$ cat start_2.cif   # mmCIF, C-alpha atoms and all ligand atoms
data_protein
#
loop_
_atom_site.label_atom_id
_atom_site.label_comp_id
_atom_site.auth_asym_id
_atom_site.auth_seq_id
_atom_site.Cartn_x
_atom_site.Cartn_y
_atom_site.Cartn_z
CA MET A 85 -26.24 29.84 20.00
CA PRO A 86 -25.49 28.38 16.52
CA ALA A 87 -22.01 26.84 16.19
CA GLU A 88 -19.43 28.97 14.41
CA LYS A 89 -18.58 27.74 10.92
CA MET A 90 -15.34 26.95 9.10
CA ARG A 91 -14.25 25.19 5.90
CA ALA A 92 -13.63 21.43 6.05
CA ILE A 93 -13.20 18.55 3.61
CA ARG A 94 -15.76 15.95 4.60
CA TYR A 95 -17.86 13.05 3.37
CA HIS A 96 -21.46 12.17 4.23
CA ALA A 97 -21.43 8.66 2.73
CA TYR A 98 -18.74 6.04 2.10
CA GLY A 99 -17.42 5.61 -1.41
CA GLU A 100 -14.65 6.61 -3.79
CA PRO A 101 -12.97 9.74 -2.37
CA ALA A 102 -13.42 11.72 -5.62
CA ASP A 103 -17.18 11.03 -5.45
CA VAL A 104 -17.92 11.49 -1.76
CA LEU A 105 -15.52 14.20 -0.58
CA ARG A 106 -16.49 17.85 -0.65
CA LEU A 107 -15.15 21.12 0.68
CA GLU A 108 -18.00 22.59 2.70
CA GLU A 109 -18.98 24.61 5.72
CA ALA A 110 -18.84 22.71 9.00
CA PRO A 111 -19.11 23.62 12.67
CA ILE A 112 -15.86 24.66 14.36
CA PRO A 113 -15.05 21.69 16.62
CA VAL A 114 -14.98 22.23 20.39
CA PRO A 115 -12.29 20.11 22.09
CA GLN A 116 -13.46 17.48 24.55
CA ALA A 117 -11.59 16.82 27.80
CA GLY A 118 -7.94 16.03 27.16
CA HIS A 119 -7.98 17.36 23.58
CA VAL A 120 -6.85 20.66 22.00
CA ALA A 121 -8.21 22.62 19.05
CA VAL A 122 -5.80 24.28 16.64
CA ARG A 123 -6.02 26.65 13.72
CA VAL A 124 -4.58 24.39 11.01
CA HIS A 125 -1.51 25.81 9.25
CA ALA A 126 -0.63 22.58 7.43
CA CYS A 127 -2.25 19.16 7.04
CA GLY A 128 -0.37 16.16 5.63
CA LEU A 129 -2.37 13.69 3.53
CA ASN A 130 -2.01 9.91 3.69
CA PRO A 131 -3.32 6.90 1.74
CA ALA A 132 -5.29 6.23 4.94
CA ASP A 133 -7.48 9.27 4.18
CA TRP A 134 -8.84 7.56 1.08
CA ALA A 135 -9.28 4.27 2.96
CA LEU A 136 -11.38 6.10 5.58
CA CYS A 137 -13.63 7.46 2.81
CA ARG A 138 -14.09 3.92 1.53
CA GLY A 139 -15.29 2.76 4.95
CA LEU A 140 -12.22 1.82 7.02
CA PHE A 141 -13.06 2.22 10.74
CA ALA A 142 -16.71 2.93 9.91
CA ARG A 143 -18.12 5.61 12.23
CA GLN A 144 -20.81 8.23 12.46
CA LEU A 145 -20.98 10.47 9.37
CA PRO A 146 -20.27 13.16 8.28
CA SER A 147 -16.58 12.70 8.89
CA GLY A 148 -13.41 14.43 7.77
CA ILE A 149 -10.06 13.57 6.22
CA GLY A 150 -6.60 14.87 7.12
CA LEU A 151 -4.87 13.03 9.95
CA ASP A 152 -1.55 14.90 10.27
CA VAL A 153 -1.72 18.47 11.53
CA SER A 154 0.50 21.35 12.53
CA GLY A 155 -1.09 24.52 13.83
CA VAL A 156 -1.64 27.01 16.62
CA VAL A 157 -3.81 26.27 19.67
CA THR A 158 -7.18 28.07 19.73
CA ALA A 159 -8.85 26.22 22.63
CA VAL A 160 -7.93 23.55 25.17
CA GLY A 161 -10.22 20.85 26.57
CA GLU A 162 -10.77 20.24 30.25
CA GLY A 163 -7.71 18.88 32.03
CA VAL A 164 -5.14 20.12 29.50
CA SER A 165 -2.64 22.12 31.52
CA ASP A 166 0.59 21.94 29.50
CA LEU A 167 -0.57 24.24 26.67
CA ALA A 168 -2.11 27.65 26.18
CA VAL A 169 -3.92 29.38 23.35
CA GLY A 170 -1.31 30.59 20.85
CA ASP A 171 1.15 27.69 21.32
CA ALA A 172 2.34 25.99 18.13
CA VAL A 173 1.88 22.21 18.14
CA PHE A 174 1.77 19.25 15.75
CA GLY A 175 0.18 15.82 15.97
CA PRO A 176 -2.64 13.52 14.85
CA ALA A 177 -6.14 14.93 14.25
CA ASP A 178 -9.01 13.12 15.94
CA PHE A 179 -11.14 11.88 13.03
CA ARG A 180 -13.28 9.57 15.18
CA ASN A 181 -14.94 11.85 17.71
CA TYR A 182 -15.63 14.98 15.67
CA PRO A 183 -17.50 15.55 12.39
CA SER A 184 -14.37 16.97 10.69
CA ALA A 185 -10.62 16.23 10.87
CA GLY A 186 -7.37 17.97 9.87
CA ALA A 187 -8.24 19.11 6.33
CA ALA A 188 -10.12 22.10 7.71
CA ASP A 189 -9.55 25.58 9.09
CA GLU A 190 -9.61 24.14 12.62
CA ALA A 191 -8.99 20.64 13.94
CA VAL A 192 -8.87 18.79 17.24
CA LEU A 193 -5.76 16.86 18.26
CA TYR A 194 -5.79 13.96 20.73
CA HIS A 195 -2.00 13.87 21.00
CA TRP A 196 0.43 16.72 20.39
CA ASP A 197 4.02 17.82 20.72
CA ARG A 198 5.25 21.38 20.69
CA LEU A 199 6.54 22.57 17.34
CA PRO A 200 10.30 22.73 17.88
CA ASP A 201 12.19 25.93 16.97
CA GLY A 202 13.46 25.60 13.44
CA LEU A 203 10.72 23.23 12.21
CA SER A 204 8.11 24.73 9.88
CA HIS A 205 4.42 23.87 10.13
CA VAL A 206 4.65 22.22 6.69
CA ASP A 207 7.56 19.97 7.64
CA ALA A 208 5.93 19.13 10.97
CA ALA A 209 2.62 18.20 9.30
CA ALA A 210 4.51 15.63 7.22
CA LEU A 211 5.64 13.71 10.30
CA PRO A 212 2.94 12.17 12.50
CA MET A 213 1.60 9.15 10.64
CA ALA A 214 4.84 8.27 8.86
CA VAL A 215 6.79 8.47 12.14
CA GLU A 216 4.22 6.60 14.21
CA THR A 217 3.82 3.80 11.67
CA ALA A 218 7.54 3.45 11.04
CA ALA A 219 8.38 3.31 14.75
CA ARG A 220 5.65 0.75 15.38
CA TYR A 221 6.64 -1.55 12.52
CA LEU A 222 10.36 -1.24 13.24
CA ALA A 223 9.68 -2.36 16.82
CA TRP A 224 7.26 -5.09 15.70
CA SER A 225 9.79 -6.35 13.14
CA GLY A 226 12.01 -7.44 16.03
CA PHE A 227 14.91 -5.35 14.69
CA GLN A 228 17.88 -5.11 17.06
CA LYS A 229 20.63 -2.47 16.97
CA GLY A 230 23.33 -3.27 14.47
CA GLN A 231 21.33 -5.82 12.42
CA THR A 232 20.77 -5.80 8.66
CA ILE A 233 17.27 -4.69 7.66
CA LEU A 234 15.65 -4.60 4.24
CA VAL A 235 12.97 -1.95 3.72
CA ASN A 236 10.73 -2.61 0.74
CA GLY A 237 9.08 0.53 -0.62
CA ALA A 238 11.58 2.96 0.90
CA GLY A 239 10.26 5.66 -1.45
CA SER A 240 6.97 5.65 0.45
CA MET A 241 7.02 8.00 3.41
CA VAL A 242 6.56 5.17 5.91
CA GLY A 243 9.44 3.30 4.25
CA PHE A 244 11.63 6.42 4.12
CA ALA A 245 11.03 6.89 7.86
CA VAL A 246 11.87 3.24 8.67
CA VAL A 247 15.16 3.57 6.78
CA GLN A 248 16.19 6.68 8.72
CA MET A 249 15.15 5.22 12.10
CA ALA A 250 17.06 2.00 11.43
CA LEU A 251 20.17 3.96 10.36
CA LEU A 252 19.93 6.06 13.54
CA HIS A 253 19.94 2.73 15.42
CA GLY A 254 23.12 1.57 13.72
CA ALA A 255 21.58 -0.76 11.15
CA ARG A 256 22.92 -1.83 7.79
CA VAL A 257 19.99 -0.91 5.56
CA ILE A 258 19.02 -2.29 2.17
CA ALA A 259 16.26 -0.21 0.59
CA THR A 260 14.11 -0.96 -2.44
CA ALA A 261 12.90 2.27 -4.03
CA GLY A 262 12.01 4.00 -7.26
CA GLU A 263 14.12 6.80 -8.69
CA THR A 264 12.62 9.69 -6.68
CA PHE A 265 14.44 8.98 -3.43
CA ALA A 266 17.14 6.50 -4.51
CA ASP A 267 19.95 9.07 -4.35
CA ARG A 268 18.72 10.54 -1.08
CA LEU A 269 18.54 7.08 0.46
CA ARG A 270 22.09 6.33 -0.72
CA ALA A 271 23.31 9.64 0.71
CA LEU A 272 21.76 8.67 4.06
CA GLY A 273 23.78 5.44 3.99
CA ALA A 274 21.39 2.82 2.62
CA LEU A 275 22.20 0.30 -0.12
CA VAL A 276 19.50 0.89 -2.73
CA VAL A 277 17.98 -1.33 -5.43
CA ALA A 278 14.90 -0.81 -7.60
CA HIS A 279 11.66 -2.38 -6.36
CA GLY A 280 9.54 -4.73 -8.50
CA GLU A 281 10.34 -7.70 -10.78
CA GLY A 282 13.85 -9.03 -10.32
CA VAL A 283 14.32 -7.60 -6.82
CA VAL A 284 15.52 -10.96 -5.45
CA GLU A 285 18.47 -11.04 -7.84
CA ARG A 286 19.27 -7.36 -7.30
CA VAL A 287 19.40 -7.78 -3.52
CA ARG A 288 21.47 -11.00 -3.78
CA ALA A 289 23.98 -9.18 -5.96
CA LEU A 290 24.48 -6.71 -3.09
CA VAL A 291 24.47 -8.98 -0.03
CA SER A 292 25.03 -12.71 0.12
CA GLU A 293 23.33 -13.47 3.45
CA ALA A 294 19.63 -13.01 4.32
CA PRO A 295 18.76 -9.73 6.08
CA ASP A 296 17.85 -10.18 9.76
CA VAL A 297 14.48 -8.47 9.28
CA LEU A 298 12.49 -7.26 6.27
CA VAL A 299 9.85 -4.51 6.55
CA ASP A 300 7.40 -4.01 3.70
CA ALA A 301 5.98 -0.48 3.30
CA ALA A 302 5.14 -0.64 -0.42
CA PRO A 303 1.60 0.65 -1.02
CA VAL A 304 -0.26 -2.48 -2.03
CA ASN A 305 -2.66 -0.76 -4.43
CA LEU A 306 0.31 0.46 -6.48
CA GLN A 307 1.68 -3.00 -7.07
CA SER A 308 -0.81 -4.06 -9.74
CA ARG A 309 1.73 -4.86 -12.43
CA TYR A 310 3.46 -7.16 -10.02
CA ALA A 311 1.89 -9.96 -8.00
CA GLY A 312 2.86 -8.32 -4.71
CA ALA A 313 6.34 -8.19 -3.22
CA LEU A 314 5.88 -10.55 -0.29
CA PRO A 315 6.85 -13.85 -2.01
CA ASP A 316 10.05 -12.13 -3.17
CA LEU A 317 10.80 -10.84 0.31
CA VAL A 318 10.38 -14.37 1.71
CA GLU A 319 12.78 -15.63 -0.95
CA ILE A 320 15.30 -12.92 0.01
CA ALA A 321 14.88 -14.13 3.63
CA ARG A 322 15.91 -17.63 2.37
CA GLY A 323 12.39 -18.90 3.04
CA ASP A 324 12.21 -17.66 6.64
CA ALA A 325 8.83 -15.86 6.41
CA ALA A 326 8.95 -14.98 10.13
CA ARG A 327 11.63 -12.39 9.34
CA VAL A 328 9.20 -10.45 7.13
CA ILE A 329 6.54 -8.01 8.32
CA THR A 330 4.24 -5.96 6.11
CA ALA A 331 2.55 -2.68 7.01
CA THR A 332 0.46 -2.74 3.86
CA ASP A 333 -0.49 -6.12 2.41
CA VAL A 334 -2.70 -8.06 4.81
CA GLU A 335 -4.10 -10.35 2.08
CA GLY A 336 -0.66 -11.10 0.66
CA ALA A 337 0.64 -11.73 4.18
CA ALA A 338 -1.87 -14.51 4.76
CA LYS A 339 -0.79 -16.21 1.51
CA ALA A 340 2.96 -15.73 2.04
CA GLY A 341 2.84 -16.54 5.77
CA VAL A 342 4.48 -13.27 6.78
CA ARG A 343 3.61 -11.11 9.78
CA THR A 344 1.34 -8.05 9.81
CA GLY A 345 1.71 -6.94 13.41
CA ALA A 346 -1.62 -8.53 14.41
CA GLU A 347 0.33 -10.92 16.63
CA ASN A 348 2.07 -7.96 18.33
CA ILE A 349 -1.27 -6.25 18.97
CA GLN A 350 -2.41 -9.41 20.70
CA SER A 351 0.72 -9.76 22.83
CA GLU A 352 0.65 -6.04 23.74
CA GLY A 353 -3.00 -6.37 24.84
CA GLY A 354 -4.37 -3.99 22.21
CA PHE A 355 -3.45 -1.56 19.46
CA LYS A 356 -0.89 0.84 20.92
CA LEU A 357 0.05 3.73 18.68
CA ARG A 358 3.61 5.07 19.06
CA TRP A 359 2.91 8.76 19.62
CA ASP A 360 5.53 8.61 22.37
CA VAL A 361 8.31 9.00 19.76
CA LEU A 362 6.79 11.86 17.76
CA GLY A 363 8.41 14.64 19.80
CA GLU A 364 11.85 13.04 19.51
CA TYR A 365 11.61 12.79 15.71
CA GLY A 366 10.26 16.34 15.58
CA ARG A 367 13.40 17.54 17.39
CA LEU A 368 15.63 15.48 15.08
CA ALA A 369 13.79 17.00 12.09
CA ALA A 370 14.38 20.51 13.47
CA GLU A 371 18.10 19.63 13.73
CA GLY A 372 18.16 18.34 10.15
CA ARG A 373 18.81 14.73 11.27
CA PHE A 374 15.45 13.27 10.17
CA SER A 375 12.93 14.27 7.52
CA ILE A 376 9.77 13.33 5.73
CA PRO A 377 10.17 15.10 2.38
CA VAL A 378 7.30 17.32 1.30
CA ALA A 379 6.53 16.83 -2.40
CA GLN A 380 4.02 19.64 -2.82
CA THR A 381 1.76 21.99 -0.89
CA PHE A 382 -1.80 22.89 -1.93
CA ALA A 383 -4.38 25.48 -0.92
CA LEU A 384 -7.33 23.77 0.78
CA GLU A 385 -9.54 24.42 -2.23
CA ASP A 386 -7.04 22.57 -4.47
CA TRP A 387 -7.50 19.30 -2.55
CA ARG A 388 -8.64 17.44 -5.71
CA LYS A 389 -5.21 17.93 -7.30
CA ALA A 390 -3.60 16.30 -4.26
CA LEU A 391 -6.14 13.46 -4.34
CA ASP A 392 -5.44 12.70 -8.02
CA ILE A 393 -1.67 12.67 -7.49
CA SER A 394 -1.94 10.41 -4.44
CA LEU A 395 -4.36 7.93 -6.04
CA ALA A 396 -2.19 7.71 -9.15
CA GLY A 397 0.77 6.64 -6.97
CA ARG A 398 2.75 9.73 -7.87
CA ALA A 399 2.96 11.26 -4.38
CA ARG A 400 6.77 11.10 -4.34
CA GLY A 401 6.88 12.63 -0.88
CA LYS A 402 4.20 14.08 1.35
CA LEU A 403 1.29 16.05 -0.07
CA VAL A 404 0.35 18.86 2.31
CA LEU A 405 -2.76 21.05 2.39
CA MET A 406 -2.41 24.62 3.66
CA PRO A 407 -5.79 25.85 4.95
CA GLY A 408 -4.16 29.13 6.03
CA GLY A 409 -3.10 29.80 2.44
N1 LIG B 501 -0.59 -0.55 8.86
C1 LIG B 501 -0.56 0.72 9.25
O1 LIG B 501 -0.74 1.04 10.44
C2 LIG B 501 -0.26 1.77 8.24
C3 LIG B 501 -0.15 3.10 8.64
C4 LIG B 501 0.18 4.07 7.68
C5 LIG B 501 0.36 3.69 6.35
N2 LIG B 501 0.18 2.39 5.99
C6 LIG B 501 0.35 1.98 4.60
O2 LIG B 501 1.72 2.15 4.28
C7 LIG B 501 1.83 2.39 2.86
C8 LIG B 501 2.74 3.56 2.63
O3 LIG B 501 2.11 4.75 3.06
P1 LIG B 501 2.78 6.14 2.71
O4 LIG B 501 1.95 7.24 3.25
O5 LIG B 501 4.19 6.06 3.14
O6 LIG B 501 2.64 6.09 1.12
P2 LIG B 501 3.15 7.09 0.00
O7 LIG B 501 4.28 7.92 0.51
O8 LIG B 501 1.98 7.77 -0.57
O9 LIG B 501 3.72 6.02 -1.05
C9 LIG B 501 3.84 6.39 -2.37
C10 LIG B 501 5.17 5.87 -2.88
O10 LIG B 501 5.20 4.47 -2.90
C11 LIG B 501 6.21 4.06 -3.81
N3 LIG B 501 5.80 2.89 -4.60
C12 LIG B 501 4.90 2.89 -5.60
N4 LIG B 501 4.77 1.66 -6.11
C13 LIG B 501 5.61 0.87 -5.42
C14 LIG B 501 5.93 -0.51 -5.50
N5 LIG B 501 5.36 -1.34 -6.39
N6 LIG B 501 6.86 -0.99 -4.64
C15 LIG B 501 7.45 -0.17 -3.74
N7 LIG B 501 7.18 1.14 -3.64
C16 LIG B 501 6.26 1.65 -4.47
C17 LIG B 501 6.44 5.24 -4.75
O11 LIG B 501 7.77 5.64 -4.53
P3 LIG B 501 8.93 5.20 -5.59
O12 LIG B 501 9.21 6.47 -6.33
O13 LIG B 501 10.04 4.76 -4.71
O14 LIG B 501 8.39 4.11 -6.46
C18 LIG B 501 5.43 6.28 -4.29
O15 LIG B 501 5.90 7.63 -4.37
C19 LIG B 501 0.40 2.59 2.35
O16 LIG B 501 -0.04 1.41 1.72
C20 LIG B 501 -0.39 2.85 3.61
O17 LIG B 501 -1.74 2.50 3.47
C21 LIG B 501 -0.10 1.42 6.91
#
$ encode --input "start_2.cif" --output "structure tokens" --more "lines below"
Ligand SMILES: NC(=O)c1ccc[n+]([C@@H]2O[C@H](COP(=O)([O-])OP(=O)(O)OC[C@H]3O[C@@H](n4cnc5c(N)ncnc54)[C@H](OP(=O)(O)O)[C@@H]3O)[C@@H](O)[C@H]2O)c1
Amino acid sequence: MPAEKMRAIRYHAYGEPADVLRLEEAPIPVPQAGHVAVRVHACGLNPADWALCRGLFARQLPSGIGLDVSGVVTAVGEGVSDLAVGDAVFGPADFRNYPSAGAADEAVLYHWDRLPDGLSHVDAAALPMAVETAARYLAWSGFQKGQTILVNGAGSMVGFAVVQMALLHGARVIATAGETFADRLRALGALVVAHGEGVVERVRALVSEAPDVLVDAAPVNLQSRYAGALPDLVEIARGDAARVITATDVEGAAKAGVRTGAENIQSEGGFKLRWDVLGEYGRLAAEGRFSIPVAQTFALEDWRKALDISLAGRARGKLVLMPGG
């Protein structure tokens, strides 16, 4: 019997996302053991989607984009006993084992949490990657309750999540951010300065001592006017590069001698993603105590508008596709 078809945004060759991505018909994915399929209500986009198109984690093609999903279960794989068709869930789409991902009418999830009452599909689809990355880097940074942490690029969604998590853990937080989220970050309790040239002086004017840890979440491709923030972060750390970890700038890290998390992966015996905290932050989001702001939603067919905004560095919050309209 021929596979049933759906709409999906996919690529058949690696290259620039605007050149290789297309909205096309694709087979509806059938979940493997331990996975669930959902009808996608909302799919959050990430810079990682464009990196996948350019060849990150090269795998069999065609492949799909869209890693953050919220939707309603349509089928469960063998061995899944905690969910039934019709349940609302959110989590990461499996882009490795299926020829499409979350930017589609249906997607397969390899981890999920139930959508809490009071959390919309759109707000839930903004959470997975930002929450997972922030939790992982906050832990890898070595941050301890009550310490002072500097988050560089707190206007990125990973940075915005790190700030909120650190505040929930009793930190004093210094955030570097552009204008979009500066007031919101201040209202949350962070001390905020502008990112970019002169950041060392601006931070020193606020706090005299070096922060205990510094987490860099500034998208590296958006730093072109500026030779990368890491040397400045090391200076803010009074030369102690071990206090600095970057989630974004692997090349700069090698030059500045700061950490990337590679050493943690080694000591943990492999790359362990922090999906264990997603449900907790989903519940906090439903209670209004945590959020990843949604900048804009788009119909699936308007994906190019979202791509242009993201690549131009004007995301200013999460860009979310709505395959269900
Ligand atoms: N290592 C990992 O496992 C991992 C996982 C996920 C993401 N990442 C990386 O983390 C970064 C953030 O991802 P995201 O989804 O949170 O990005 P995002 O929300 O799309 O980030 C865009 C925001 O970055 C801010 N920004 C732009 N130029 C900046 C600069 N020079 N310095 C500081 N902030 C700047 C802007 O906010 P303002 O208005 O404040 O300027 C902009 O709205 C990306 O580079 C991504 O690839 C890494």
$ residues_near_ligand --input "start_2.cif" --ligand "ligand LIG 501 (chain B)" --cutoff "8 Å" --atoms "all atoms listed in the file" --output "PyMOL selection string"
chain A and resi 129-132+135+213-214+216-217+236-244+260-266+278-280+301-310+312-313+330-333+344+394+397-402
$ residues_around --input "start_2.cif" --residues "Val328 of chain A" --least-positions-apart "4" --cutoff "10 Å" --atoms "all atoms listed in the file" --output "list of chain:residue names"
A:Ser225, A:Gly226, A:Ile233, A:Leu234, A:Val235, A:Pro295, A:Asp296, A:Val297, A:Leu298, A:Val299, A:Asp300, A:Leu314, A:Leu317, A:Val318, A:Ile320, A:Ala321, A:Gly323, A:Asp324, A:Ala337, A:Ala340, A:Gly341, A:Val342, A:Arg343, A:Thr344
$ write_last_selection --input "start_2.cif" --atoms "C-alpha atoms" --output "mmCIF file, in the frame of the given file"
data_model
loop_
_atom_site.group_PDB
_atom_site.id
_atom_site.type_symbol
_atom_site.label_atom_id
_atom_site.label_comp_id
_atom_site.auth_asym_id
_atom_site.auth_seq_id
_atom_site.Cartn_x
_atom_site.Cartn_y
_atom_site.Cartn_z
ATOM 1 C CA SER A 225 9.790 -6.350 13.140
ATOM 2 C CA GLY A 226 12.010 -7.440 16.030
ATOM 3 C CA ILE A 233 17.270 -4.690 7.660
ATOM 4 C CA LEU A 234 15.650 -4.600 4.240
ATOM 5 C CA VAL A 235 12.970 -1.950 3.720
ATOM 6 C CA PRO A 295 18.760 -9.730 6.080
ATOM 7 C CA ASP A 296 17.850 -10.180 9.760
ATOM 8 C CA VAL A 297 14.480 -8.470 9.280
ATOM 9 C CA LEU A 298 12.490 -7.260 6.270
ATOM 10 C CA VAL A 299 9.850 -4.510 6.550
ATOM 11 C CA ASP A 300 7.400 -4.010 3.700
ATOM 12 C CA LEU A 314 5.880 -10.550 -0.290
ATOM 13 C CA LEU A 317 10.800 -10.840 0.310
ATOM 14 C CA VAL A 318 10.380 -14.370 1.710
ATOM 15 C CA ILE A 320 15.300 -12.920 0.010
ATOM 16 C CA ALA A 321 14.880 -14.130 3.630
ATOM 17 C CA GLY A 323 12.390 -18.900 3.040
ATOM 18 C CA ASP A 324 12.210 -17.660 6.640
ATOM 19 C CA ALA A 337 0.640 -11.730 4.180
ATOM 20 C CA ALA A 340 2.960 -15.730 2.040
ATOM 21 C CA GLY A 341 2.840 -16.540 5.770
ATOM 22 C CA VAL A 342 4.480 -13.270 6.780
ATOM 23 C CA ARG A 343 3.610 -11.110 9.780
ATOM 24 C CA THR A 344 1.340 -8.050 9.810
#
$ residues_around --input "start_2.cif" --residues "segment 362-375 of chain A" --least-positions-apart "2" --cutoff "8 Å" --atoms "all atoms listed in the file" --output "PyMOL selection string"
chain A and resi 175+197-203+207-208+211-212+215-216+245+248+358-360+377
$ atom_distance --input "start_2.cif" --atom1 "atom CA of Ser292 of chain A" --atom2 "atom CA of Leu252 of chain A"
23.6 Å
$ closest_residue --input "start_2.cif" --among "A:Gly99, A:Gly155, A:Pro183, A:Gly353" --to "Asp171 of chain A" --atoms "only C-alpha atoms"
A:Gly155
$ closest_residue --input "start_2.cif" --among "A:Gly186, A:Pro176, A:Pro407, A:Gly161" --to "Gly148 of chain A" --atoms "only C-alpha atoms"
A:Gly186
$ residues_near_point --input "start_2.cif" --point "(20.6, -4.5, 4.2)" --cutoff "8 Å" --atoms "only C-alpha atoms" --output "PyMOL selection string"
chain A and resi 232-234+255-259+274-275+291+295
$ residues_around --input "start_2.cif" --residues "Arg322 of chain A" --least-positions-apart "6" --cutoff "10 Å" --atoms "all atoms listed in the file" --output "number ranges by chain"
A: 293-295, 316
$ atom_distance --input "start_2.cif" --atom1 "atom CA of Val153 of chain A" --atom2 "atom CA of Ala187 of chain A"
8.4 Å
$ atom_distance --input "start_2.cif" --atom1 "atom CA of Gly230 of chain A" --atom2 "atom CA of Leu251 of chain A"
8.9 Å
$ closest_residue --input "start_2.cif" --among "A:Ala168, A:Val120, A:Ala338, A:Ala326" --to "His195 of chain A" --atoms "all atoms listed in the file"
A:Val120
